[in-house]
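Q: Next comes structure21.pdb, PDB, C-alpha atoms, pLDDT in the B column:
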```pdb
MODEL        1
ATOM      1  CA  MET A  20     -26.205 -57.865 -21.887  1.00 66.00           C
ATOM      2  CA  PRO A  21     -29.784 -58.061 -23.245  1.00 87.00           C
ATOM      3  CA  PHE A  22     -31.188 -57.626 -19.708  1.00 87.00           C
ATOM      4  CA  LEU A  23     -29.154 -54.450 -19.220  1.00 89.00           C
ATOM      5  CA  SER A  24     -30.303 -53.168 -22.617  1.00 88.00           C
ATOM      6  CA  ILE A  25     -33.921 -53.750 -21.628  1.00 91.00           C
ATOM      7  CA  VAL A  26     -33.362 -51.884 -18.367  1.00 93.00           C
ATOM      8  CA  PHE A  27     -31.642 -49.015 -20.204  1.00 94.00           C
ATOM      9  CA  SER A  28     -34.480 -48.716 -22.733  1.00 93.00           C
ATOM     10  CA  ILE A  29     -37.164 -48.757 -20.042  1.00 94.00           C
ATOM     11  CA  LEU A  30     -35.312 -46.196 -17.915  1.00 96.00           C
ATOM     12  CA  ALA A  31     -34.759 -44.064 -21.013  1.00 96.00           C
ATOM     13  CA  GLY A  32     -38.486 -44.053 -21.718  1.00 96.00           C
ATOM     14  CA  ILE A  33     -39.260 -43.150 -18.113  1.00 97.00           C
ATOM     15  CA  LEU A  34     -36.732 -40.299 -18.140  1.00 97.00           C
ATOM     16  CA  LEU A  35     -38.186 -38.979 -21.376  1.00 97.00           C
ATOM     17  CA  LEU A  36     -41.669 -38.951 -19.854  1.00 96.00           C
ATOM     18  CA  ILE A  37     -40.343 -37.219 -16.744  1.00 96.00           C
ATOM     19  CA  GLY A  38     -38.773 -34.711 -19.140  1.00 96.00           C
ATOM     20  CA  ILE A  39     -42.245 -33.773 -20.384  1.00 95.00           C
ATOM     21  CA  VAL A  40     -43.389 -33.123 -16.814  1.00 92.00           C
ATOM     22  CA  GLY A  41     -40.175 -31.177 -16.202  1.00 91.00           C
ATOM     23  CA  SER A  42     -41.031 -28.884 -19.092  1.00 90.00           C
ATOM     24  CA  PHE A  43     -43.832 -27.459 -16.937  1.00 81.00           C
ATOM     25  CA  VAL A  44     -42.524 -27.943 -13.392  1.00 79.00           C
ATOM     26  CA  PRO A  45     -39.794 -25.433 -12.510  1.00 74.00           C
ATOM     27  CA  VAL A  46     -38.135 -27.801 -10.023  1.00 77.00           C
ATOM     28  CA  LEU A  47     -37.471 -30.510 -12.631  1.00 85.00           C
ATOM     29  CA  PRO A  48     -35.084 -29.692 -15.475  1.00 91.00           C
ATOM     30  CA  GLY A  49     -37.112 -31.313 -18.282  1.00 94.00           C
ATOM     31  CA  PRO A  50     -34.715 -31.288 -21.261  1.00 96.00           C
ATOM     32  CA  PRO A  51     -31.635 -32.403 -19.256  1.00 96.00           C
ATOM     33  CA  ILE A  52     -33.608 -35.294 -17.747  1.00 97.00           C
ATOM     34  CA  ALA A  53     -34.913 -36.236 -21.191  1.00 97.00           C
ATOM     35  CA  TRP A  54     -31.399 -36.025 -22.621  1.00 97.00           C
ATOM     36  CA  CYS A  55     -30.225 -38.460 -19.933  1.00 97.00           C
ATOM     37  CA  GLY A  56     -32.914 -40.767 -21.277  1.00 97.00           C
ATOM     38  CA  LEU A  57     -31.435 -40.458 -24.770  1.00 96.00           C
ATOM     39  CA  LEU A  58     -27.985 -41.158 -23.360  1.00 96.00           C
ATOM     40  CA  LEU A  59     -29.244 -44.343 -21.716  1.00 96.00           C
ATOM     41  CA  ALA A  60     -30.941 -45.347 -24.968  1.00 96.00           C
ATOM     42  CA  PHE A  61     -27.619 -44.824 -26.751  1.00 96.00           C
ATOM     43  CA  PHE A  62     -26.140 -47.613 -24.610  1.00 94.00           C
ATOM     44  CA  SER A  63     -29.039 -49.979 -25.238  1.00 94.00           C
ATOM     45  CA  GLN A  64     -28.982 -52.637 -27.960  1.00 92.00           C
ATOM     46  CA  PHE A  65     -32.634 -51.885 -28.698  1.00 91.00           C
ATOM     47  CA  ASN A  66     -32.047 -48.284 -29.726  1.00 91.00           C
ATOM     48  CA  ASN A  67     -29.906 -47.203 -32.627  1.00 90.00           C
ATOM     49  CA  ILE A  68     -28.923 -43.649 -31.729  1.00 94.00           C
ATOM     50  CA  PRO A  69     -25.710 -42.444 -33.381  1.00 95.00           C
ATOM     51  CA  LEU A  70     -23.051 -40.690 -31.330  1.00 96.00           C
ATOM     52  CA  TRP A  71     -23.380 -37.484 -33.354  1.00 97.00           C
ATOM     53  CA  CYS A  72     -27.060 -37.345 -32.356  1.00 96.00           C
ATOM     54  CA  VAL A  73     -26.193 -37.657 -28.670  1.00 96.00           C
ATOM     55  CA  ILE A  74     -23.657 -34.835 -28.999  1.00 97.00           C
ATOM     56  CA  VAL A  75     -25.985 -32.539 -30.962  1.00 97.00           C
ATOM     57  CA  THR A  76     -28.850 -33.111 -28.524  1.00 97.00           C
ATOM     58  CA  ALA A  77     -26.479 -32.377 -25.626  1.00 97.00           C
ATOM     59  CA  VAL A  78     -25.603 -29.013 -27.171  1.00 97.00           C
ATOM     60  CA  ILE A  79     -29.289 -28.304 -27.777  1.00 97.00           C
ATOM     61  CA  THR A  80     -30.075 -29.239 -24.160  1.00 97.00           C
ATOM     62  CA  VAL A  81     -27.510 -26.767 -22.840  1.00 96.00           C
ATOM     63  CA  ALA A  82     -28.785 -24.036 -25.186  1.00 95.00           C
ATOM     64  CA  VAL A  83     -32.398 -24.624 -24.120  1.00 95.00           C
ATOM     65  CA  ALA A  84     -31.425 -24.569 -20.428  1.00 89.00           C
ATOM     66  CA  VAL A  85     -29.624 -21.236 -20.871  1.00 87.00           C
ATOM     67  CA  PHE A  86     -32.523 -19.837 -22.917  1.00 88.00           C
ATOM     68  CA  ASP A  87     -34.987 -20.918 -20.238  1.00 83.00           C
ATOM     69  CA  MET A  88     -33.004 -19.169 -17.513  1.00 78.00           C
ATOM     70  CA  ILE A  89     -32.707 -15.928 -19.453  1.00 80.00           C
ATOM     71  CA  MET A  90     -36.126 -15.678 -21.112  1.00 79.00           C
ATOM     72  CA  PRO A  91     -38.499 -14.947 -18.183  1.00 72.00           C
ATOM     73  CA  ALA A  92     -36.259 -12.289 -16.663  1.00 70.00           C
ATOM     74  CA  SER A  93     -35.560 -10.788 -20.068  1.00 76.00           C
ATOM     75  CA  MET A  94     -39.238 -10.554 -20.994  1.00 78.00           C
ATOM     76  CA  THR A  95     -40.073  -9.122 -17.569  1.00 73.00           C
ATOM     77  CA  LYS A  96     -37.382  -6.433 -17.836  1.00 73.00           C
ATOM     78  CA  LYS A  97     -38.440  -5.675 -21.398  1.00 77.00           C
ATOM     79  CA  ARG A  98     -41.894  -4.856 -20.033  1.00 76.00           C
ATOM     80  CA  GLY A  99     -40.481  -2.704 -17.231  1.00 75.00           C
ATOM     81  CA  GLY A 100     -40.778  -5.282 -14.463  1.00 76.00           C
ATOM     82  CA  SER A 101     -38.579  -6.087 -11.520  1.00 78.00           C
ATOM     83  CA  LYS A 102     -37.245  -9.226  -9.885  1.00 79.00           C
ATOM     84  CA  GLY A 103     -40.426  -9.176  -7.813  1.00 83.00           C
ATOM     85  CA  ALA A 104     -42.440 -10.035 -10.935  1.00 82.00           C
ATOM     86  CA  SER A 105     -40.046 -12.844 -11.881  1.00 78.00           C
ATOM     87  CA  PHE A 106     -40.132 -14.247  -8.360  1.00 83.00           C
ATOM     88  CA  GLY A 107     -43.912 -13.973  -8.246  1.00 86.00           C
ATOM     89  CA  CYS A 108     -44.166 -15.772 -11.586  1.00 81.00           C
ATOM     90  CA  THR A 109     -42.079 -18.655 -10.222  1.00 80.00           C
ATOM     91  CA  ILE A 110     -44.252 -18.885  -7.108  1.00 86.00           C
ATOM     92  CA  GLY A 111     -47.320 -18.786  -9.372  1.00 85.00           C
ATOM     93  CA  ILE A 112     -45.994 -21.706 -11.419  1.00 79.00           C
ATOM     94  CA  ILE A 113     -45.570 -23.800  -8.284  1.00 82.00           C
ATOM     95  CA  VAL A 114     -49.029 -22.883  -6.940  1.00 87.00           C
ATOM     96  CA  GLY A 115     -50.537 -23.512 -10.377  1.00 83.00           C
ATOM     97  CA  LEU A 116     -49.385 -27.121 -10.301  1.00 79.00           C
ATOM     98  CA  PHE A 117     -51.892 -27.750  -7.521  1.00 86.00           C
ATOM     99  CA  LEU A 118     -54.755 -26.105  -9.428  1.00 83.00           C
ATOM    100  CA  PRO A 119     -54.996 -27.982 -12.734  1.00 75.00           C
ATOM    101  CA  PRO A 120     -55.768 -27.485 -15.535  1.00 72.00           C
ATOM    102  CA  PHE A 121     -55.958 -23.686 -15.670  1.00 79.00           C
ATOM    103  CA  GLY A 122     -53.715 -22.980 -12.692  1.00 81.00           C
ATOM    104  CA  VAL A 123     -50.621 -23.712 -14.759  1.00 75.00           C
ATOM    105  CA  LEU A 124     -51.648 -20.983 -17.182  1.00 76.00           C
ATOM    106  CA  PHE A 125     -53.111 -18.298 -14.919  1.00 84.00           C
ATOM    107  CA  CYS A 126     -51.133 -18.585 -11.683  1.00 86.00           C
ATOM    108  CA  PRO A 127     -47.776 -17.482 -13.201  1.00 82.00           C
ATOM    109  CA  PHE A 128     -49.435 -14.296 -14.439  1.00 86.00           C
ATOM    110  CA  ILE A 129     -51.210 -13.688 -11.121  1.00 90.00           C
ATOM    111  CA  GLY A 130     -48.002 -14.391  -9.177  1.00 88.00           C
ATOM    112  CA  ALA A 131     -46.016 -11.988 -11.347  1.00 86.00           C
ATOM    113  CA  PHE A 132     -48.707  -9.347 -10.923  1.00 90.00           C
ATOM    114  CA  ILE A 133     -48.713  -9.696  -7.130  1.00 91.00           C
ATOM    115  CA  GLY A 134     -44.910  -9.772  -6.989  1.00 89.00           C
ATOM    116  CA  GLU A 135     -44.643  -6.570  -9.031  1.00 86.00           C
ATOM    117  CA  CYS A 136     -47.442  -4.892  -7.038  1.00 89.00           C
ATOM    118  CA  LEU A 137     -45.551  -5.575  -3.840  1.00 89.00           C
ATOM    119  CA  HIS A 138     -42.288  -4.368  -5.343  1.00 85.00           C
ATOM    120  CA  SER A 139     -43.654  -1.236  -7.033  1.00 81.00           C
ATOM    121  CA  SER A 140     -45.896  -0.100  -4.166  1.00 80.00           C
ATOM    122  CA  GLY A 141     -49.149  -0.951  -5.929  1.00 77.00           C
ATOM    123  CA  ASP A 142     -48.567   0.539  -9.396  1.00 79.00           C
ATOM    124  CA  ILE A 143     -51.296  -1.436 -11.195  1.00 87.00           C
ATOM    125  CA  LYS A 144     -50.365  -0.408 -14.738  1.00 87.00           C
ATOM    126  CA  LEU A 145     -46.693  -1.317 -14.297  1.00 83.00           C
ATOM    127  CA  SER A 146     -47.664  -4.504 -12.491  1.00 85.00           C
ATOM    128  CA  LEU A 147     -49.940  -5.648 -15.325  1.00 87.00           C
ATOM    129  CA  LYS A 148     -47.307  -4.799 -17.917  1.00 85.00           C
ATOM    130  CA  SER A 149     -44.490  -6.641 -16.143  1.00 82.00           C
ATOM    131  CA  ALA A 150     -46.766  -9.573 -15.228  1.00 84.00           C
ATOM    132  CA  TRP A 151     -47.568  -9.956 -18.904  1.00 86.00           C
ATOM    133  CA  GLY A 152     -43.840  -9.960 -19.703  1.00 84.00           C
ATOM    134  CA  ALA A 153     -43.109 -12.582 -17.048  1.00 79.00           C
ATOM    135  CA  PHE A 154     -45.995 -14.683 -18.311  1.00 80.00           C
ATOM    136  CA  LEU A 155     -44.777 -14.452 -21.934  1.00 85.00           C
ATOM    137  CA  GLY A 156     -41.294 -15.436 -20.801  1.00 83.00           C
ATOM    138  CA  PHE A 157     -42.739 -18.427 -18.951  1.00 81.00           C
ATOM    139  CA  LEU A 158     -44.744 -19.476 -22.024  1.00 85.00           C
ATOM    140  CA  CYS A 159     -41.743 -19.123 -24.335  1.00 88.00           C
ATOM    141  CA  GLY A 160     -39.481 -21.079 -22.003  1.00 88.00           C
ATOM    142  CA  THR A 161     -42.061 -23.810 -21.425  1.00 89.00           C
ATOM    143  CA  GLY A 162     -42.811 -24.036 -25.132  1.00 92.00           C
ATOM    144  CA  ILE A 163     -39.182 -24.447 -26.158  1.00 95.00           C
ATOM    145  CA  LYS A 164     -38.572 -27.028 -23.419  1.00 95.00           C
ATOM    146  CA  LEU A 165     -41.654 -29.024 -24.384  1.00 95.00           C
ATOM    147  CA  PHE A 166     -40.749 -28.885 -28.080  1.00 97.00           C
ATOM    148  CA  THR A 167     -37.209 -30.072 -27.308  1.00 97.00           C
ATOM    149  CA  VAL A 168     -38.392 -32.989 -25.168  1.00 97.00           C
ATOM    150  CA  ILE A 169     -40.920 -34.045 -27.812  1.00 97.00           C
ATOM    151  CA  ILE A 170     -38.135 -34.101 -30.413  1.00 97.00           C
ATOM    152  CA  PHE A 171     -36.066 -36.252 -28.031  1.00 97.00           C
ATOM    153  CA  ILE A 172     -38.999 -38.655 -27.653  1.00 97.00           C
ATOM    154  CA  ILE A 173     -39.354 -38.866 -31.438  1.00 96.00           C
ATOM    155  CA  ILE A 174     -35.637 -39.658 -31.719  1.00 96.00           C
ATOM    156  CA  PHE A 175     -36.066 -42.381 -29.086  1.00 96.00           C
ATOM    157  CA  ILE A 176     -39.076 -43.941 -30.816  1.00 95.00           C
ATOM    158  CA  VAL A 177     -37.519 -43.818 -34.292  1.00 95.00           C
ATOM    159  CA  SER A 178     -34.268 -45.309 -32.970  1.00 93.00           C
ATOM    160  CA  PHE A 179     -36.214 -48.126 -31.326  1.00 87.00           C
ATOM    161  CA  PHE A 180     -37.910 -49.151 -34.566  1.00 86.00           C
ATOM    162  CA  LYS A 181     -34.822 -48.699 -36.760  1.00 76.00           C
TER     163      LYS A 181
ENDMDL
END
```
Would you write the structure of this file as structure tokens?
A:
Amino acid sequence: MPFLSIVFSILAGILLLIGIVGSFVPVLPGPPIAWCGLLLAFFSQFNNIPLWCVIVTAVITVAVAVFDMIMPASMTKKRGGSKGASFGCTIGIIVGLFLPPFGVLFCPFIGAFIGECLHSSGDIKLSLKSAWGAFLGFLCGTGIKLFTVIIFIIIFIVSFFK
């Protein structure tokens, strides 16, 4: 059993690190991957994570996932934008991954702007307004995902040294 516990703890750590990356990359669901890491750590002898903690973090993971799906579209609509801005923001996130370090920050805004321009027949004022909303939604969603994953990592580290 100790070998399996070592494997579980190592895999848990890897999943938690992937969860950080997934907080920024739209293709990877960061908090759910990180939660899987906590679940693996729960089954390891080297981590002392109580069952209630696994359940609470599961509920938090679901809430964060729902929040992350709703936030960008909600912020875009609040600013008068369309689905074109939301789609453009998503494309901008993906393109931004290949243009570090500032691409991750600026490309979602630029993508949302272009997407709204195409959708609204070149209305610059509306496009800037909705691009800003899409960008704020992206930042809020990314921030909450990153915060959640960092808390999961802290739980993992504390449970390892307990």
Q: Please measure the separation of CA of Gly152 (chain A) and CA of Gly134 (chain A), giving the value in Å to one decimal.
A: 12.8 Å
Q: Counting all atoms listed in the file, which residue out of A:Phe106, A:Phe65, A:Phe86, A:Phe175 sits closest to Ser149 (chain A)?
A: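 So, comparing all the options, the nearest one is A:Phe106.
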Q: Around (-39.6, -24.3, -7.3) in the file's own coordinates, what residues are found within 7 Å if you use all atoms listed in the file, given back as JSON, numbers by chain?
A: {"A": [45, 46, 109, 113]}
Q: Name the residues that the PyMOL selection byres ((chain A and resi 169) around 10) pulls out of this structure, and write them as an MDAnalysis selection string.
A: chainID A and resid 35:36 38:39 50 53 163:168 170:175
Q: Just the number, please: distance in Å from CA of Ile112 (chain A) to CA of Ile129 (chain A), one decimal.
A: 9.6 Å
Q: Please determine an axis-aligned box that encloses all atoms of region 156-174 of chain A listed in the file, with 8 Å added on each side, and express its centre and edge lengths in Å to one decimal as lines of an AutoDock Vina configuration file.
A:
```
center_x = -40.2
center_y = -27.5
center_z = -25.3
size_x = 25.1
size_y = 40.2
size_z = 28.8
```
Q: So which one's closest to Lys97 (chain A), A:Val85, A:Leu145, A:Leu70, A:Cys55? Using all atoms listed in the file, please.
A: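 Of all the options, A:Leu145 lies closest to Lys97 (chain A).
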Q: Which residues match the PyMOL selection byres ((chain A and resi 25) around 12) in the file above, as number ranges by chain?
A: A: 20-24, 26-32, 59-60, 62-66, 179
Q: Can you work out the spacing between CA of Ile133 (chain A) and CA of Pro120 (chain A) in Å, to one decimal?
A: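 Going from CA of Ile133 (chain A) over to CA of Pro120 (chain A) covers 20.9 Å.
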Q: Have a look at A:Ile89, A:Phe43, A:Val78, A:Ile68 and name the one nearest to Pro127 (chain A); count all atoms listed in the file.
A: A:Phe43
Q: Just say which residues the PyMOL selection byres ((chain A and resi 100) around 9) picks in this file, as a PyMOL selection string.
A: chain A and resi 92+94-99+101-105+135+139+145-146+148-150+152-153
Q: Mind writing the picked residues with C-alpha atoms as a PDB file, keeping the file's coordinate frame?
A:
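Below you can see part.pdb, which holds the result:
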```pdb
ATOM      1  CA  ALA A  92     -36.259 -12.289 -16.663  1.00 70.00           C
ATOM      2  CA  MET A  94     -39.238 -10.554 -20.994  1.00 78.00           C
ATOM      3  CA  THR A  95     -40.073  -9.122 -17.569  1.00 73.00           C
ATOM      4  CA  LYS A  96     -37.382  -6.433 -17.836  1.00 73.00           C
ATOM      5  CA  LYS A  97     -38.440  -5.675 -21.398  1.00 77.00           C
ATOM      6  CA  ARG A  98     -41.894  -4.856 -20.033  1.00 76.00           C
ATOM      7  CA  GLY A  99     -40.481  -2.704 -17.231  1.00 75.00           C
ATOM      8  CA  SER A 101     -38.579  -6.087 -11.520  1.00 78.00           C
ATOM      9  CA  LYS A 102     -37.245  -9.226  -9.885  1.00 79.00           C
ATOM     10  CA  GLY A 103     -40.426  -9.176  -7.813  1.00 83.00           C
ATOM     11  CA  ALA A 104     -42.440 -10.035 -10.935  1.00 82.00           C
ATOM     12  CA  SER A 105     -40.046 -12.844 -11.881  1.00 78.00           C
ATOM     13  CA  GLU A 135     -44.643  -6.570  -9.031  1.00 86.00           C
ATOM     14  CA  SER A 139     -43.654  -1.236  -7.033  1.00 81.00           C
ATOM     15  CA  LEU A 145     -46.693  -1.317 -14.297  1.00 83.00           C
ATOM     16  CA  SER A 146     -47.664  -4.504 -12.491  1.00 85.00           C
ATOM     17  CA  LYS A 148     -47.307  -4.799 -17.917  1.00 85.00           C
ATOM     18  CA  SER A 149     -44.490  -6.641 -16.143  1.00 82.00           C
ATOM     19  CA  ALA A 150     -46.766  -9.573 -15.228  1.00 84.00           C
ATOM     20  CA  GLY A 152     -43.840  -9.960 -19.703  1.00 84.00           C
ATOM     21  CA  ALA A 153     -43.109 -12.582 -17.048  1.00 79.00           C
TER      22      ALA A 153
END
```
Q: Could you check the closest approach to Ser178 (chain A) for each of A:Ala131, A:Val73, A:Ile33, A:Val83 and tell me which residue wins, using all atoms listed in the file?
A: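 Using all atoms listed in the file, the shortest distance to Ser178 (chain A) belongs to A:Val73.
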Q: Under the rule that all atoms listed in the file are counted, which of A:Leu58, A:Cys108, A:Val44, A:Leu118 is the nearest residue to Pro91 (chain A)?
A: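 The closest residue to Pro91 (chain A) is A:Cys108.
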Q: Taking all atoms listed in the file into account, name the residue in A:Gly107, A:Ala77, A:Lys181, A:Leu47 that is nearest to His138 (chain A).
A: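 So, comparing all the options, the nearest one is A:Gly107.
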